[in-house]
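Single-structure report; data block below.
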Amino acid sequence: MSAATFKIWRGDTKGGAFEDYTTEVSEGMVVLDAVHDIQSTQANDLACRWNCKAGKCGSCSAEVNGMPKLMCMARLSDLPLDKPITVEPIKAFPIVKDLITDVSWNFRVKKKIKKFKPRAPDAADGTWRMAQEDIDRVQEFRKCIECFLCQDVCHVLRDHRKHDEFIGPRFLIYVAALEMHPLDTENRIPELREAQGIGYCNITKCCTKVCPENIQITDNGIIPLKERVVDQYYDPVAKLLRRFGSKKNV
Amino acid sequence: MLDGYLAGLENFLVAAYQTFEHDVLIIGAGGAGLRAAIEASAAGVTVGLVSKSLLGKAHTVMAEGGVAAAMGNVDDRDNWRVHFADTMRGGQYLNRPRMAELHAKEAPERVHELEAWGAVFDRTKDGRILQRNFGGHKYPRLAHVGDRTGLEMIRTLQDHGIHQGIDVHMEICILALLKEGDRVVGAFGYDRERGRFKIYRAKAVVLATGGIGKAYKITSNSWDCTGDGHSLAYHAGAELIDMEYVQFHPTGMVWPPSVRGMLVTEGVRGEGGILTNKEGKRFMFDFIPDNYKTQTADNEEEGWRYTQGDKNARRPPELLTRDHVARCIVREIKEGRGSPHGGVFLDISWIKQKISGGEEHIKRKLPSMYHQFKALGDIDITREPMEVGPTTHYIMGGIHVDADTQMSTVLGLFAAGECAAGINGANRLGGNSLSDLLVFGKRAGEYAAAFAKENSLGAIDQQQIEQVTRRALEPFERSANPQSEGPYQVQKHLQEVMQHDVGIVRREEEMQHALEEIGKLWERAGQVGITGTRDFNPGWHTALDLKHLLTVSEAITRSALERKESRGAQFRDDYPDKDDAFAKVNTIISRDAEGTMQTRLESIPEMPDYLKKVIEEMK
């Protein structure tokens with residue numbers, strides 16, 4: 001068995017610093033295993049969130065060697081162990097302690113987004129019929145585990161701190177899932193343009209790169225939403241076509 | 001003088017503890033807790049929802065295969081009668097019949113309701129909710145979303161629930177239920193972030209805290225599955241039943257070591273996956289129990305046709321009940337026919353011989369499994385078999401509740417989901433837990449709200465609060481003592497004891513040994529020391545969870561000792577057969593006046609004639 005050194009950020013709202021810890025490395029080990037090992041043998045008060053340790057709950061988000069990752073899916077065999085591995089909290093949200101940040105902003109944002117509003121059931125048995133091909137896209141967005149790594153890496157939130165004007169990739173995807181839901185009848189485009197600040201996204205696709213569920217956040221979600229905003233507000237030709245257009249010139 | 005002291009104490013407590021008041025307090029924010037909160041809120045009472053983790057992270061997200069509901073979308077021969085009979089057969093008739101009946105009847109409506117709240121299930125060709133095969137279910141019955149059904153369900157309930165006026169308290173752990181006389185009137189706990197104590201006063205309390213998997217070393221469960229609800233109820237005077245019945249899921253990952261126990265969904269077998277030993281033999285054909293013989297394929301061809309939807313075919317033996325499949329796997333390993341890392345092989349890649357585009361089909365049907373093995377085990381499941389072995393997954397036993405109202409044996413205390421018991425008997429069918437938490441979560445919320453409307457807030461026992469607070473803070477005082485050990489060491493030792501002595505195969509001496517060890521661990525748990533402050537301190541949290549873990553471990557062991565036979569998930573080497581003396585009884589755990597754990601047997605309520613008839617018809 002070999003050993004690895006971890007530089008883990010320890011601190012709270014008042015400040016902090018990296019501290020060094022050394023652990024044994026076993027086959028298949030992930031960064032979260034190392035953190036647990038350190039907790040149980042060297043620092044019982046080392047704070048980190050985790051639940052499933054299987055990449056399904058999205059609790060253990062952190063920055064490993066500077067990259068936003070789920071610690072439970074970050075294998076040591078994919079990291080250079082000849083140098084210390086840095087582990088630090090995500091940056092888009094206020095620090096609580098050690099690897100834990102206050103992510104409550106995300107829960108408040110979600111609550112402000114208009115909820116799902118289905119059309120009346122269309123089948124005789126009081127339910128709906130939907131074709132699989134019509135829900136594939138929505139299902140892609142609904143894979144989101146709310147790890148908030150996309151929020152962490154989005155420069156609008158991370159660097160420019162526009163938390164009051166922009167909802168971030170996670171919630172753009174959430175809106176996209178609602179807007180593209182075949183049964184939904186609500187219109188969320190006006191808020192998207194105003195309070196939710198979709199215009200701030202300049203499509204650098206950083207969010208897509210860090211998504212552990214491989215959701216094509218930008219291409220499949222944000223860009224189509226931007227197009228809907230444009231359609232509704234800015235496109236005079238489309239407006240005219242909608243008003244006067246026939247099948248021939250659409 | 002005492003009066004003055006008490007008055008002073010009361011002032012101190014009012015100042016020191018933040019107090020919340022709700023008509024209904026729900027402890028646990030997984031599927032059952034969320035569903036209960038939505039229902040209670042809809043009934044017009046105020047609702048507080050306490051969650052040990054962040055909202056939406058509960059263990060429900062881990063459920064993969066699907067939610068069982070006899071909608072008959074894929075096979076129209078399915079209905080509540082078949083689902084009821086399947087559930088009872090799977091539970092070896094130790095289930096509470098009324099609960100199994102309500103569950104089978106109400107599950108379809110609960111699933112359709114989720115769709116109205118935004119859930120997006122996979123579809124049939126004609127646009128209805130698709131249903132898949134699962135172990136012990138006669139017809140394709142599990143509504144699903146690939147292999148991430150639990151995520152879809154918890155997210156739907158969460159996203160619907162946040163608009164219902166529910167007060168959500170995140171990252172709160174509950175240490176004790178508060179009582180006034182015989183009635184539960186609230187709960188006491190702390191917030192993980194700052195370690196501040198909180199009082200939650202309520203007219204009715206619903207426990208929805210999930211499972212106990214962290215009592216074992218190898219488990220598919222999250223960190224928070226420490227049996228809090230079971231333990232809180234027990235210490236508040238409620239009865240637990242069927243605690244010997246722990247479900248070991250047959251297929252957990254076995255390699256690499258860091259992911260040992262991680263779940264591999266039964267959906268793999270539902271989609272045609274086969275279990276083989278190192279000789280390449282499909283060993284499940286070797287032992288098909290008598291009560292399933294007429295329903296099970298006796299050749300590979302028929303089994304394959306079943307997984308592909310042939311209504312005239314019988315299911316392959318890989319889809320027998322979990323207790324049975326887990327034991328067969330243990331037998332293969334014990335007799336030297338296991339895989340290199342101490343499991344057996346589960347192969348889905350072989351279906352490429354049967355269907356064109358098999359690789360894409362596997363990725364589409366089992367995306368999480370593909371990803372999990374690729375990312376954590378360097379295995380491509382579309383090309384090679386997985387190695388799997390049993391993992392602690394679920395507890396059938398739990399809080400003894402009334403079937404209709406979900407009220408426990410303590411007034412004002414309700415329970416739903418995994419921490420309640422009665423629906424599953426000696427073994428749970430896959431898919432029945434997600435439907436259980438919907439059906440009985442709803443009922444618990446409904447009846448807790450009704451109870452709250454008829455009762456007022458009770459008085460808080462200041463002495464109880466002072467005592468719990470003092471105990472909770474003791475670990476910090478011991479940190480300076482060089483003799484004191486950390487909480488993780490005690491937790492780990494307990495997990496090893498339970499894994500070794502009260503696991504899949506049980507015997508008297510080992511379980512007696514476990515009881516002795518648990519006794520010693522109780523003492524050690526009372527001596528652990530913690531460093532650091534009360535601010536988000538996982539060591540402290542672990543120290544406080546030990547009471548819950550030790551309580552459920554003791555209850556499991558005592559119940560398993562009481563049942564001197566093998567039935568369902570309980571297999572005893574020293575009593576390898578079923579014994580009629582235990583065929584119609586549940587084990588009951590309760591706390592006597594001195595605080596000692598008592599075990600007794602109690603007859604299962606007689607099944608009404610119309611349900612007996614259903615069982616007869618489905619034989």
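In the structure tokens, the first chain shown is A, the next is B, and so on; residue numbers restart at 1 for each chain, and ligands run from 1 in the order shown.
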Using the chain letters and numbers from this document, which residues of region 48-229 of chain A does DSSP assign to alpha helix (DSSP H), as a compact mmCIF listing (two decimals) with C-alpha atoms, in the first residue's frame?
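Listing of selection.txt after writing:
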# COMPACT_ATOMS: atom_id res chain seq x y z
CA SER A 104 -29.35 27.64 0.86
CA TRP A 105 -29.50 30.31 -1.89
CA ASN A 106 -30.20 27.52 -4.36
CA PHE A 107 -33.24 26.35 -2.43
CA ARG A 108 -34.60 29.90 -2.27
CA VAL A 109 -34.10 30.39 -6.01
CA LYS A 110 -35.93 27.20 -6.87
CA LYS A 111 -38.91 28.20 -4.78
CA LYS A 112 -39.34 31.35 -6.88
CA GLN A 132 -41.14 8.56 -25.22
CA GLU A 133 -39.47 10.66 -27.93
CA ASP A 134 -41.25 13.73 -26.59
CA ILE A 135 -39.86 13.29 -23.08
CA ASP A 136 -36.29 12.22 -23.84
CA ARG A 137 -34.99 15.77 -23.52
CA VAL A 138 -36.88 16.49 -20.30
CA GLN A 139 -35.60 13.24 -18.82
CA GLU A 140 -32.04 14.31 -19.63
CA PHE A 141 -32.52 17.47 -17.58
CA LEU A 149 -20.99 22.06 -9.44
CA CYS A 150 -22.36 23.93 -12.47
CA GLN A 151 -23.25 26.86 -10.22
CA ASP A 152 -19.76 26.73 -8.72
CA VAL A 153 -17.98 26.95 -12.05
CA HIS A 155 -18.30 32.82 -13.74
CA VAL A 156 -21.47 34.90 -13.43
CA LEU A 157 -21.90 33.49 -9.93
CA ARG A 158 -18.35 32.52 -9.01
CA GLY A 168 -27.33 29.89 -12.67
CA PRO A 169 -27.12 26.84 -14.94
CA ARG A 170 -28.80 24.48 -12.47
CA PHE A 171 -31.98 26.49 -12.47
CA LEU A 172 -31.89 27.31 -16.16
CA ILE A 173 -31.95 23.57 -16.67
CA TYR A 174 -34.76 23.30 -14.15
CA VAL A 175 -36.77 25.90 -16.07
CA ALA A 176 -35.92 24.13 -19.34
CA ALA A 177 -37.27 20.83 -17.95
CA LEU A 178 -40.52 22.56 -17.02
CA GLU A 179 -40.82 24.55 -20.25
CA ILE A 189 -40.17 33.20 -20.47
CA PRO A 190 -40.79 36.72 -19.08
CA GLU A 191 -39.07 35.93 -15.74
CA LEU A 192 -36.31 34.12 -17.55
CA ARG A 193 -35.51 37.31 -19.41
CA CYS A 206 -18.03 25.53 -18.27
CA CYS A 207 -21.18 24.17 -16.58
CA THR A 208 -21.54 21.39 -19.13
CA LYS A 209 -17.93 20.35 -18.65
CA VAL A 210 -18.27 19.74 -14.91
CA ILE A 223 -29.46 27.85 -25.86
CA PRO A 224 -33.01 26.66 -26.69
CA LEU A 225 -34.28 28.78 -23.78
CA LYS A 226 -32.41 31.80 -25.11
CA GLU A 227 -34.07 31.15 -28.47
CA ARG A 228 -37.48 31.14 -26.83
CA VAL A 229 -36.73 34.48 -25.18
Open item on the list: I need the contact residues of chain A against chain B, so if you could list those with any atom within 7 Å, counting only C-alpha atoms, and return them as a VMD selection string, that would help.
Closed with: chain A and resid 27 to 29 40 44 to 47 51 to 52 56 to 57 97 111 116 118 129 to 132 139
Open item on the list: as number ranges by chain, please: the residues near region 96-107 of chain B (cut-off 9 Å, only C-alpha atoms, same-chain neighbours under 2 positions excluded).
Closed with: B: 67-71, 79-85, 87-88, 93-94, 109-112, 402-404, 421-425, 432, 435-436, 438-440, 604-608, 611
